[in-house]
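Shown next: target23.txt, given as compact mmCIF, C-alpha atoms and all ligand atoms.
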```
# COMPACT_ATOMS: atom_id res chain seq x y z
CA MET A 1 65.64 -3.61 85.63
CA SER A 2 67.65 -0.49 85.38
CA THR A 3 66.02 2.84 85.75
CA THR A 4 66.49 5.22 82.84
CA SER A 5 67.27 8.70 83.93
CA ILE A 6 65.64 11.44 81.99
CA PRO A 7 67.58 14.69 82.01
CA ALA A 8 65.77 17.65 83.46
CA PRO A 9 64.19 19.83 80.81
CA ARG A 10 66.36 22.53 79.31
CA THR A 11 69.68 21.02 80.39
CA GLY A 12 72.38 20.30 77.84
CA TYR A 13 72.01 23.53 75.96
CA SER A 14 74.65 26.14 76.21
CA ARG A 15 72.73 29.20 75.30
CA HIS A 16 74.20 32.50 74.30
CA LYS A 17 74.59 34.79 77.27
CA SER A 18 71.65 37.14 77.46
CA THR A 19 72.44 40.53 75.99
CA ARG A 20 69.76 42.22 78.05
CA SER A 21 71.08 45.04 80.11
CA LYS A 22 69.93 48.24 81.71
CA PHE A 23 71.84 50.22 79.08
CA GLU A 24 70.23 48.48 76.09
CA MET A 25 66.79 48.92 77.63
CA PHE A 26 67.48 52.60 78.14
CA ALA A 27 68.82 52.96 74.58
CA TRP A 28 65.70 51.29 73.17
CA LEU A 29 63.45 53.62 75.14
CA PHE A 30 65.55 56.69 74.26
CA MET A 31 65.15 55.97 70.51
CA ARG A 32 61.39 56.12 70.92
CA ILE A 33 61.17 59.16 73.21
CA SER A 34 63.70 61.19 71.20
CA GLY A 35 61.90 60.14 67.98
CA VAL A 36 58.58 61.62 69.12
CA VAL A 37 60.20 64.90 70.21
CA LEU A 38 62.27 65.11 67.00
CA VAL A 39 59.13 64.95 64.84
CA ILE A 40 58.05 68.30 66.31
CA LEU A 41 61.53 69.88 66.33
CA ILE A 42 62.51 68.86 62.78
CA PHE A 43 59.18 69.57 61.10
CA GLY A 44 59.14 72.95 62.88
CA HIS A 45 62.67 73.62 61.61
CA LEU A 46 61.82 72.62 58.04
CA PHE A 47 58.56 74.59 58.09
CA VAL A 48 60.27 77.85 59.15
CA ASN A 49 63.37 77.40 56.95
CA LEU A 50 61.97 75.75 53.80
CA TRP A 51 58.27 76.56 53.61
CA VAL A 52 57.49 80.02 55.06
CA GLY A 53 58.18 83.09 52.91
CA ASP A 54 60.83 82.48 50.25
CA GLY A 55 62.00 79.20 51.80
CA VAL A 56 65.64 78.31 51.33
CA GLN A 57 66.13 81.35 49.03
CA ALA A 58 65.71 83.63 52.07
CA ILE A 59 68.46 82.03 54.15
CA ASP A 60 71.61 84.03 54.72
CA PHE A 61 73.66 85.33 57.64
CA GLY A 62 70.98 87.91 58.52
CA PHE A 63 68.32 85.17 58.64
CA VAL A 64 70.34 83.11 61.11
CA ALA A 65 71.04 86.28 63.16
CA GLY A 66 67.32 86.99 63.34
CA LYS A 67 66.61 83.50 64.65
CA TRP A 68 69.45 83.15 67.14
CA ALA A 69 68.86 86.62 68.60
CA ASN A 70 65.84 84.88 70.14
CA PRO A 71 66.49 82.41 73.00
CA PHE A 72 63.44 80.42 71.86
CA TRP A 73 65.18 79.34 68.65
CA GLN A 74 68.52 78.88 70.45
CA ILE A 75 66.95 76.32 72.79
CA TRP A 76 64.98 74.77 69.90
CA ASP A 77 68.16 74.23 67.87
CA LEU A 78 70.15 73.07 70.90
CA LEU A 79 67.57 70.39 71.72
CA MET A 80 67.35 69.37 68.07
CA LEU A 81 71.15 69.12 67.82
CA TRP A 82 71.57 66.96 70.91
CA LEU A 83 68.56 64.70 70.39
CA ALA A 84 69.17 64.13 66.65
CA MET A 85 72.88 63.44 67.17
CA LEU A 86 72.36 61.04 70.09
CA HIS A 87 69.48 59.30 68.28
CA GLY A 88 71.47 59.01 65.05
CA THR A 89 74.67 57.90 66.83
CA ASN A 90 72.84 55.18 68.71
CA GLY A 91 71.10 54.11 65.49
CA LEU A 92 74.47 53.81 63.74
CA ARG A 93 75.86 51.88 66.71
CA THR A 94 73.08 49.32 66.20
CA ILE A 95 73.88 49.08 62.50
CA ILE A 96 77.63 48.62 63.16
CA MET A 97 76.81 45.82 65.62
CA ASP A 98 74.60 44.17 62.98
CA TYR A 99 77.04 44.14 60.09
CA SER A 100 80.60 44.11 61.43
CA GLU A 101 81.79 40.60 62.25
CA LYS A 102 85.39 41.03 63.35
CA PRO A 103 85.76 42.55 66.85
CA GLY A 104 88.55 44.80 65.51
CA THR A 105 86.37 46.28 62.75
CA ARG A 106 83.50 46.73 65.17
CA MET A 107 85.75 48.51 67.65
CA SER A 108 87.36 50.86 65.10
CA LEU A 109 84.06 51.81 63.46
CA GLN A 110 82.56 52.60 66.86
CA VAL A 111 85.54 54.72 67.88
CA ILE A 112 85.32 56.73 64.63
CA LEU A 113 81.56 57.16 65.13
CA TYR A 114 81.88 58.41 68.72
CA ILE A 115 84.70 60.83 67.91
CA ALA A 116 82.74 62.31 64.99
CA SER A 117 79.60 62.65 67.13
CA VAL A 118 81.37 64.34 70.04
CA ILE A 119 83.04 66.83 67.68
CA VAL A 120 79.75 67.73 65.99
CA ILE A 121 77.79 68.05 69.26
CA VAL A 122 80.46 70.24 70.91
CA LEU A 123 80.97 72.39 67.80
CA GLY A 124 77.22 72.86 67.24
CA THR A 125 76.67 73.82 70.89
CA LEU A 126 79.53 76.33 70.86
CA VAL A 127 78.24 77.87 67.62
CA ILE A 128 74.77 78.48 69.11
CA PHE A 129 76.13 80.11 72.28
CA THR A 130 79.07 82.11 70.92
CA PHE A 131 77.16 83.45 67.91
CA ASP A 132 77.34 87.22 67.45
CA PRO A 133 74.48 88.48 65.25
CA CYS A 134 76.20 91.81 64.61
CA PRO A 135 79.97 91.15 64.44
CA ALA A 136 82.03 94.35 64.79
CA GLY A 137 83.77 95.46 61.62
CA ALA A 138 81.64 93.37 59.27
CA ASP A 139 80.29 94.82 56.05
CA PRO A 140 76.89 96.28 57.13
CA SER A 141 75.24 95.19 53.86
CA VAL A 142 75.41 91.50 54.86
CA LEU A 143 74.03 92.04 58.38
CA ALA A 144 70.45 92.00 59.64
CA GLU A 145 68.46 95.27 59.71
CA PHE A 146 68.50 95.40 63.52
CA CYS A 147 72.32 95.75 63.55
CA LYS A 148 72.02 99.24 62.07
CA ALA A 149 69.98 100.60 64.95
CA MET B 150 58.60 26.14 60.26
CA ALA B 151 56.48 28.90 58.84
CA LYS B 152 56.90 29.46 55.14
CA ALA B 153 57.61 32.97 53.92
CA SER B 154 54.33 32.93 52.04
CA THR B 155 52.47 32.34 55.33
CA GLY B 156 53.46 35.89 56.19
CA THR B 157 55.45 36.82 59.25
CA LEU B 158 55.70 40.18 60.92
CA TYR B 159 59.16 40.89 59.48
CA ARG B 160 60.15 38.65 56.59
CA GLY B 161 59.20 39.92 53.14
CA ASN B 162 56.41 42.36 52.36
CA GLU B 163 55.72 45.65 54.12
CA GLY B 164 57.30 44.68 57.46
CA MET B 165 60.74 44.00 55.97
CA TRP B 166 60.89 46.67 53.29
CA SER B 167 59.80 49.40 55.67
CA TRP B 168 62.64 48.31 57.98
CA VAL B 169 65.18 48.47 55.14
CA ALA B 170 63.95 51.91 54.11
CA HIS B 171 63.96 53.09 57.75
CA ARG B 172 67.61 52.05 58.07
CA VAL B 173 68.71 53.62 54.77
CA THR B 174 66.94 56.95 55.47
CA GLY B 175 68.29 57.01 59.05
CA VAL B 176 71.89 56.68 57.84
CA GLY B 177 71.33 59.25 55.08
CA ILE B 178 69.88 61.84 57.48
CA PHE B 179 72.75 61.25 59.91
CA PHE B 180 75.40 62.07 57.30
CA PHE B 181 73.43 65.09 56.13
CA LEU B 182 73.35 66.32 59.74
CA LEU B 183 77.14 66.02 60.13
CA VAL B 184 77.67 68.22 57.05
CA HIS B 185 74.80 70.54 58.04
CA VAL B 186 76.27 71.39 61.46
CA LEU B 187 79.66 72.02 59.83
CA ASP B 188 78.23 74.40 57.20
CA THR B 189 76.14 76.21 59.83
CA ALA B 190 79.35 76.64 61.89
CA LEU B 191 80.60 79.00 59.13
CA VAL B 192 78.50 81.75 60.76
CA ARG B 193 81.37 81.89 63.27
CA VAL B 194 83.95 82.34 60.49
CA SER B 195 82.39 85.32 58.73
CA PRO B 196 79.02 86.41 57.30
CA GLU B 197 80.55 86.24 53.80
CA ALA B 198 81.79 82.65 54.24
CA TYR B 199 78.35 81.51 55.43
CA ASN B 200 76.53 83.32 52.62
CA ALA B 201 78.86 81.85 50.00
CA VAL B 202 78.25 78.28 51.13
CA ILE B 203 74.52 78.63 51.79
CA GLY B 204 74.26 80.19 48.31
CA THR B 205 75.05 76.80 46.81
CA TYR B 206 71.90 75.43 48.52
CA LYS B 207 69.75 77.76 46.41
CA THR B 208 70.63 76.25 43.03
CA PRO B 209 68.15 74.06 41.08
CA VAL B 210 70.32 70.95 41.59
CA MET B 211 70.29 71.42 45.37
CA ALA B 212 66.56 72.14 45.28
CA PHE B 213 66.11 68.51 44.23
CA GLY B 214 68.52 67.42 46.94
CA GLU B 215 66.30 69.21 49.46
CA ILE B 216 63.26 67.41 48.05
CA ALA B 217 65.07 64.09 48.53
CA LEU B 218 65.97 65.10 52.10
CA VAL B 219 62.37 66.00 52.95
CA ALA B 220 61.23 62.70 51.40
CA ALA B 221 63.69 60.78 53.58
CA ILE B 222 62.76 62.66 56.77
CA ALA B 223 59.03 62.37 56.18
CA PHE B 224 59.33 58.61 55.65
CA HIS B 225 61.68 58.02 58.61
CA ALA B 226 59.59 60.19 60.95
CA PHE B 227 56.19 58.66 60.20
CA ASN B 228 57.48 55.12 59.88
CA GLY B 229 59.27 55.70 63.21
CA LEU B 230 55.94 56.70 64.77
CA ARG B 231 54.46 53.49 63.31
CA VAL B 232 57.24 51.42 64.91
CA ILE B 233 56.51 53.12 68.23
CA LEU B 234 52.77 52.39 67.89
CA VAL B 235 53.45 48.74 67.02
CA ASP B 236 55.63 48.47 70.15
CA PHE B 237 53.39 50.26 72.63
CA SER B 238 49.81 50.00 71.43
CA LYS B 239 47.80 46.85 72.14
CA SER B 240 46.33 46.66 68.68
CA GLY B 241 49.53 47.93 67.02
CA PRO B 242 51.06 44.58 65.88
CA LYS B 243 47.70 43.41 64.48
CA ASN B 244 47.36 46.59 62.43
CA GLN B 245 50.97 47.07 61.37
CA LYS B 246 50.19 46.65 57.66
CA LYS B 247 47.35 49.17 57.76
CA LEU B 248 49.62 51.50 59.71
CA PHE B 249 52.27 51.10 57.01
CA TRP B 250 49.84 52.18 54.29
CA GLY B 251 48.79 55.05 56.55
CA VAL B 252 52.45 56.12 56.64
CA MET B 253 52.58 56.03 52.83
CA VAL B 254 49.46 58.20 52.53
CA VAL B 255 50.80 60.83 54.96
CA TRP B 256 54.16 60.74 53.16
CA LEU B 257 52.47 61.27 49.79
CA ILE B 258 50.42 64.22 51.09
CA ILE B 259 53.55 65.90 52.45
CA MET B 260 55.39 65.43 49.15
CA ILE B 261 52.45 66.65 47.05
CA ALA B 262 52.33 69.78 49.20
CA PHE B 263 56.08 70.38 49.40
CA ILE B 264 57.30 69.72 45.84
CA PRO B 265 55.34 72.54 44.09
CA ARG B 266 56.17 74.92 46.93
CA GLN B 267 59.87 74.14 46.60
CA LEU B 268 59.78 74.50 42.80
CA MET B 269 58.06 77.89 43.17
CA HIS B 270 60.78 79.06 45.57
CA THR B 271 63.50 77.87 43.22
CA PHE B 272 62.18 78.90 39.81
CA GLY B 273 59.96 81.78 40.92
CA GLY B 274 56.24 82.08 40.26
C1 LIG C 1 67.12 71.56 53.54
C2 LIG C 1 66.66 71.61 54.75
C3 LIG C 1 67.27 72.45 55.84
C4 LIG C 1 67.62 73.78 55.82
C5 LIG C 1 67.47 74.76 54.67
C6 LIG C 1 68.17 74.08 57.13
C7 LIG C 1 68.64 75.34 57.50
C8 LIG C 1 69.23 75.64 58.72
C9 LIG C 1 69.63 76.96 59.13
C10 LIG C 1 69.47 78.23 58.29
C11 LIG C 1 70.16 76.86 60.38
C12 LIG C 1 70.69 78.02 61.24
C13 LIG C 1 69.85 78.29 62.46
C14 LIG C 1 68.37 78.19 62.26
O1 LIG C 1 67.84 78.67 61.22
O2 LIG C 1 67.70 77.63 63.14
C15 LIG C 1 70.10 75.47 60.77
C16 LIG C 1 70.56 74.94 61.96
C17 LIG C 1 70.38 73.63 62.36
N1 LIG C 1 69.72 72.63 61.67
FE1 LIG C 1 68.94 72.79 59.81
N2 LIG C 1 68.15 72.96 57.92
C18 LIG C 1 67.62 71.94 57.18
C19 LIG C 1 67.40 70.64 57.59
C20 LIG C 1 67.74 70.14 58.84
C21 LIG C 1 67.48 68.79 59.30
C22 LIG C 1 66.78 67.70 58.46
C23 LIG C 1 67.95 68.69 60.57
C24 LIG C 1 67.91 67.52 61.54
C25 LIG C 1 68.20 66.30 61.23
C26 LIG C 1 68.53 69.97 60.92
C27 LIG C 1 69.15 70.27 62.10
C28 LIG C 1 69.75 71.48 62.43
C29 LIG C 1 70.46 71.74 63.67
C30 LIG C 1 70.73 70.72 64.78
C31 LIG C 1 70.88 73.09 63.62
C32 LIG C 1 71.71 73.83 64.69
C33 LIG C 1 73.15 73.77 64.26
C34 LIG C 1 74.15 74.27 65.28
O3 LIG C 1 73.96 74.02 66.48
O4 LIG C 1 75.15 74.88 64.88
N3 LIG C 1 68.38 70.83 59.84
N4 LIG C 1 69.52 74.74 59.74
C1 LIG C 2 61.87 62.76 62.77
C2 LIG C 2 61.74 62.06 63.88
C3 LIG C 2 62.31 60.67 64.04
C4 LIG C 2 61.60 59.58 64.47
C5 LIG C 2 60.11 59.52 64.85
C6 LIG C 2 62.51 58.46 64.50
C7 LIG C 2 62.17 57.20 64.95
C8 LIG C 2 63.05 56.14 65.05
C9 LIG C 2 62.79 54.89 65.74
C10 LIG C 2 61.52 54.55 66.52
C11 LIG C 2 63.89 54.11 65.59
C12 LIG C 2 64.11 52.72 66.18
C13 LIG C 2 63.73 51.63 65.22
C14 LIG C 2 63.90 50.28 65.84
O1 LIG C 2 64.30 50.15 67.02
O2 LIG C 2 63.62 49.31 65.11
C15 LIG C 2 64.84 54.84 64.77
C16 LIG C 2 66.05 54.35 64.33
C17 LIG C 2 67.02 55.11 63.70
N1 LIG C 2 66.97 56.48 63.44
FE1 LIG C 2 65.38 57.65 63.74
N2 LIG C 2 63.75 58.88 64.07
C18 LIG C 2 63.69 60.23 63.79
C19 LIG C 2 64.73 61.03 63.37
C20 LIG C 2 66.02 60.58 63.05
C21 LIG C 2 67.14 61.44 62.67
C22 LIG C 2 67.11 62.96 62.59
C23 LIG C 2 68.20 60.61 62.41
C24 LIG C 2 69.63 60.97 62.00
C25 LIG C 2 70.33 61.87 62.59
C26 LIG C 2 67.76 59.24 62.62
C27 LIG C 2 68.53 58.11 62.45
C28 LIG C 2 68.17 56.84 62.82
C29 LIG C 2 69.00 55.66 62.66
C30 LIG C 2 70.40 55.62 62.01
C31 LIG C 2 68.28 54.58 63.20
C32 LIG C 2 68.72 53.10 63.28
C33 LIG C 2 68.02 52.29 62.21
C34 LIG C 2 68.12 50.79 62.38
O3 LIG C 2 68.58 50.32 63.45
O4 LIG C 2 67.71 50.10 61.46
N3 LIG C 2 66.42 59.27 63.01
N4 LIG C 2 64.32 56.09 64.46
```
Now, as a test, write the supplied structure out as structure tokens.
Ligand code: HEM
Ligand code: HEM
Amino acid sequence: MSTTSIPAPRTGYSRHKSTRSKFEMFAWLFMRISGVVLVILIFGHLFVNLWVGDGVQAIDFGFVAGKWANPFWQIWDLLMLWLAMLHGTNGLRTIIMDYSEKPGTRMSLQVILYIASVIVIVLGTLVIFTFDPCPAGADPSVLAEFCKA
Amino acid sequence: MAKASTGTLYRGNEGMWSWVAHRVTGVGIFFFLLVHVLDTALVRVSPEAYNAVIGTYKTPVMAFGEIALVAAIAFHAFNGLRVILVDFSKSGPKNQKKLFWGVMVVWLIIMIAFIPRQLMHTFGG
């Protein structure tokens, strides 16, 4: 009588390599933490710019000057810019991974995405910190009241 | 094999459609934000350039665009909070359908409050 050998459980499969990694775990967590903070930042932004007073009708250069003369709103917008852009960029990365099948397409779409994101984050940050609420030589009628003092 | 009609967490019904809508609104908001940072950057060009471009946001057509944007944000934000609750709260997965309808109620309240306000700003009154 010959003995039949039973293969050990779970042999014979060649499973896909696990895609778990520290980075993906961090990205997953970041989407949730940034999401909670963005609820406050974005609804605050929309409340002040769309709801209060005359809403969008009141927005002009003087309105922006009034807000960014105050470090509170500078930091608010800076945080909102960075968190929303990183959250949105990572969300789009997930979507590119889901739908692009050829490695070449996947690579090019990701490169375009990252270049666009870096440009927007750098530009937005520079705008907040180099903003001059009362530019010299500008027509006083388009400036905020406090420039006349 | 579970049939679709048995109901799974993700296939069909609220679980799947909320995911589709979350994805679509997320992409939409992202592209809005790219344009939004560029138009805000005009404050560094000149006050006149900024005022000219922001002026186009005050037209009736754009007023409806802003309503669509608020609708997208309100859905993505509250559905996002629902996803977070489903992931982290013990009773989250069991209640995900109820949470979805909760999201729809909050969304509706925000829209009912915002739309008349926006129309008043745009058309006066
Ligand atoms: C129709 C709705 C909106 C209007 C009228 C509006 C208006 C403005 C205005 C006037 C500014 C200049 C500074 C300030 O007021 O704080 C600004 C900046 C900014 N907004 Fe909005 N906003 C809207 C929606 C949004 C949304 C939905 C987001 C996020 C996804 C957002 C993100 C930002 C950011 C990040 C900045 C800073 C830009 C920079 O760093 O140059 N805004 N917005
Ligand atoms: C208002 C606060 C927000 C909250 C609470 C929120 C919440 C979330 C959560 C929890 C996810 C992960 C979903 C998952 O892993 O299944 C997510 C995905 C995403 N979010 Fe947000 N988000 C917010 C704002 C934004 C903004 C401002 C943008 C655009 C700039 C954005 C774009 C995206 C995109 C593109 C995805 C990927 C969708 C997918 O993979 O299907 N979100 N959001």
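Residue neighbourhood of Val194 in chain B, excluding near-sequence residues (fewer than 6 positions): Phe61, Val127, Thr130, Phe131, Asp132, Pro135 and Ala138 of chain A; Leu187, Asp188, Asn200, Ala201 and Val202 of chain B, at 12 Å, using only C-alpha atoms.
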Non-local contacts of Val64 in chain A (12 Å; only C-alpha atoms; under 2 positions in same chain excluded) as an MDAnalysis selection string:
(chainID A and resid 48:49 56 58:62 66:70 73:74 77 127:128 131:134 142:144) or (chainID B and resid 189:193 196 199:200 203)
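We find atom C24 of ligand LIG 1 (chain C) and CA of Leu83 in chain A to be spaced 9.3 Å apart.
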Using only C-alpha atoms and all ligand atoms, which residue out of B:Gly164, B:Asn228, B:Gln267, B:Ala262 lies closest to ligand LIG 1 (chain C)?
B:Gln267
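Using all atoms listed in the file, the protein and nucleic acid residues lying no more than 9 Å from Ser34 in chain A, apart from those fewer than 4 places from it along its own chain, are A:Leu29, A:Phe30, A:Leu38, A:Val39, A:Leu83, A:Ala84, A:Leu86, A:His87.
Candidate residues A:Tyr114, A:Phe72, A:Trp51, A:Tyr99 were compared for distance to chain B, and the nearest is A:Trp51, using all atoms listed in the file.
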Tell me, counting only C-alpha atoms and all ligand atoms, for each residue of chain B within 10 Å of ligand LIG 1 (chain C), which pair of atoms is nearest and how far apart they are in Å to one decimal, in rows ordered by chain and increasing number, as CSV.
```
residue,atom,partner,partner_atom,distance
B:Gly175,CA,C:LIG1,C25,9.5
B:Gly177,CA,C:LIG1,C25,9.9
B:Ile178,CA,C:LIG1,C25,6.1
B:Phe179,CA,C:LIG1,C25,6.9
B:Phe180,CA,C:LIG1,C25,9.2
B:Phe181,CA,C:LIG1,C25,7.4
B:Leu182,CA,C:LIG1,C25,5.4
B:Leu183,CA,C:LIG1,C25,9.0
B:His185,CA,C:LIG1,FE1,6.5
B:Val186,CA,C:LIG1,C33,4.8
B:Leu187,CA,C:LIG1,O4,7.3
B:Asp188,CA,C:LIG1,O4,8.3
B:Thr189,CA,C:LIG1,O4,5.3
B:Ala190,CA,C:LIG1,O4,5.4
B:Leu191,CA,C:LIG1,O4,8.9
B:Val192,CA,C:LIG1,C12,8.7
B:Arg193,CA,C:LIG1,O4,9.5
B:Tyr199,CA,C:LIG1,C10,9.9
B:Ile203,CA,C:LIG1,C10,8.2
B:Tyr206,CA,C:LIG1,C5,7.6
B:Lys207,CA,C:LIG1,C5,9.1
B:Met211,CA,C:LIG1,C1,8.8
B:Ala212,CA,C:LIG1,C1,8.3
B:Phe213,CA,C:LIG1,C1,9.8
B:Gly214,CA,C:LIG1,C1,7.9
B:Glu215,CA,C:LIG1,C1,4.8
B:Ile216,CA,C:LIG1,C1,7.9
B:Ala217,CA,C:LIG1,C1,9.2
B:Leu218,CA,C:LIG1,C1,6.7
B:Val219,CA,C:LIG1,C22,7.3
B:Ala221,CA,C:LIG1,C22,9.0
B:Ile222,CA,C:LIG1,C22,6.7
B:Ala223,CA,C:LIG1,C22,9.7
```
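A straight line drawn from CA of Val176 in chain B to CA of Pro209 in chain B is 24.4 Å long.
Shortest atom-to-atom contact with ligand LIG 2 (chain C) among A:Ser100, A:Ser117, A:Thr89, A:Ser141: A:Thr89, counting only C-alpha atoms and all ligand atoms.
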Could you write range 224-242 of chain B of the block just shown to a file containing N, CA and C atoms, as a PDB file, in the first residue's frame?
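Wrote out-v7.pdb, looks like this:
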```pdb
ATOM      1  N   PHE B 224     -22.174  67.131  -0.473  1.00  0.00           N
ATOM      2  CA  PHE B 224     -22.292  65.676  -0.562  1.00  0.00           C
ATOM      3  C   PHE B 224     -20.975  65.004  -0.210  1.00  0.00           C
ATOM      4  N   HIS B 225     -19.874  65.449  -0.863  1.00  0.00           N
ATOM      5  CA  HIS B 225     -18.571  64.798  -0.654  1.00  0.00           C
ATOM      6  C   HIS B 225     -18.146  64.887   0.813  1.00  0.00           C
ATOM      7  N   ALA B 226     -18.367  66.046   1.436  1.00  0.00           N
ATOM      8  CA  ALA B 226     -17.946  66.231   2.824  1.00  0.00           C
ATOM      9  C   ALA B 226     -18.718  65.294   3.760  1.00  0.00           C
ATOM     10  N   PHE B 227     -20.052  65.296   3.664  1.00  0.00           N
ATOM     11  CA  PHE B 227     -20.806  64.496   4.628  1.00  0.00           C
ATOM     12  C   PHE B 227     -20.753  63.010   4.309  1.00  0.00           C
ATOM     13  N   ASN B 228     -20.684  62.667   3.016  1.00  0.00           N
ATOM     14  CA  ASN B 228     -20.501  61.251   2.706  1.00  0.00           C
ATOM     15  C   ASN B 228     -19.106  60.801   3.154  1.00  0.00           C
ATOM     16  N   GLY B 229     -18.110  61.704   3.038  1.00  0.00           N
ATOM     17  CA  GLY B 229     -16.764  61.387   3.518  1.00  0.00           C
ATOM     18  C   GLY B 229     -16.777  61.106   5.014  1.00  0.00           C
ATOM     19  N   LEU B 230     -17.523  61.926   5.774  1.00  0.00           N
ATOM     20  CA  LEU B 230     -17.624  61.679   7.215  1.00  0.00           C
ATOM     21  C   LEU B 230     -18.295  60.328   7.473  1.00  0.00           C
ATOM     22  N   ARG B 231     -19.270  59.974   6.639  1.00  0.00           N
ATOM     23  CA  ARG B 231     -19.924  58.665   6.771  1.00  0.00           C
ATOM     24  C   ARG B 231     -18.932  57.530   6.537  1.00  0.00           C
ATOM     25  N   VAL B 232     -18.093  57.670   5.479  1.00  0.00           N
ATOM     26  CA  VAL B 232     -17.078  56.648   5.209  1.00  0.00           C
ATOM     27  C   VAL B 232     -16.162  56.494   6.420  1.00  0.00           C
ATOM     28  N   ILE B 233     -15.779  57.628   7.007  1.00  0.00           N
ATOM     29  CA  ILE B 233     -14.877  57.593   8.163  1.00  0.00           C
ATOM     30  C   ILE B 233     -15.557  56.884   9.341  1.00  0.00           C
ATOM     31  N   LEU B 234     -16.853  57.184   9.549  1.00  0.00           N
ATOM     32  CA  LEU B 234     -17.582  56.522  10.641  1.00  0.00           C
ATOM     33  C   LEU B 234     -17.688  55.022  10.396  1.00  0.00           C
ATOM     34  N   VAL B 235     -17.976  54.632   9.144  1.00  0.00           N
ATOM     35  CA  VAL B 235     -18.089  53.207   8.828  1.00  0.00           C
ATOM     36  C   VAL B 235     -16.759  52.504   9.117  1.00  0.00           C
ATOM     37  N   ASP B 236     -15.632  53.205   8.817  1.00  0.00           N
ATOM     38  CA  ASP B 236     -14.321  52.594   9.036  1.00  0.00           C
ATOM     39  C   ASP B 236     -13.941  52.506  10.515  1.00  0.00           C
ATOM     40  N   PHE B 237     -14.276  53.541  11.284  1.00  0.00           N
ATOM     41  CA  PHE B 237     -13.722  53.607  12.636  1.00  0.00           C
ATOM     42  C   PHE B 237     -14.702  53.276  13.745  1.00  0.00           C
ATOM     43  N   SER B 238     -16.013  53.397  13.465  1.00  0.00           N
ATOM     44  CA  SER B 238     -16.939  53.170  14.562  1.00  0.00           C
ATOM     45  C   SER B 238     -17.409  51.714  14.552  1.00  0.00           C
ATOM     46  N   LYS B 239     -17.542  51.149  15.746  1.00  0.00           N
ATOM     47  CA  LYS B 239     -17.921  49.735  15.872  1.00  0.00           C
ATOM     48  C   LYS B 239     -19.235  49.433  15.182  1.00  0.00           C
ATOM     49  N   SER B 240     -20.214  50.321  15.392  1.00  0.00           N
ATOM     50  CA  SER B 240     -21.530  50.046  14.823  1.00  0.00           C
ATOM     51  C   SER B 240     -21.687  50.682  13.446  1.00  0.00           C
ATOM     52  N   GLY B 241     -20.597  51.285  12.930  1.00  0.00           N
ATOM     53  CA  GLY B 241     -20.653  51.968  11.634  1.00  0.00           C
ATOM     54  C   GLY B 241     -21.116  51.075  10.484  1.00  0.00           C
ATOM     55  N   PRO B 242     -20.425  49.935  10.218  1.00  0.00           N
ATOM     56  CA  PRO B 242     -20.804  49.098   9.073  1.00  0.00           C
ATOM     57  C   PRO B 242     -22.257  48.629   9.140  1.00  0.00           C
TER      58      PRO B 242
END
```
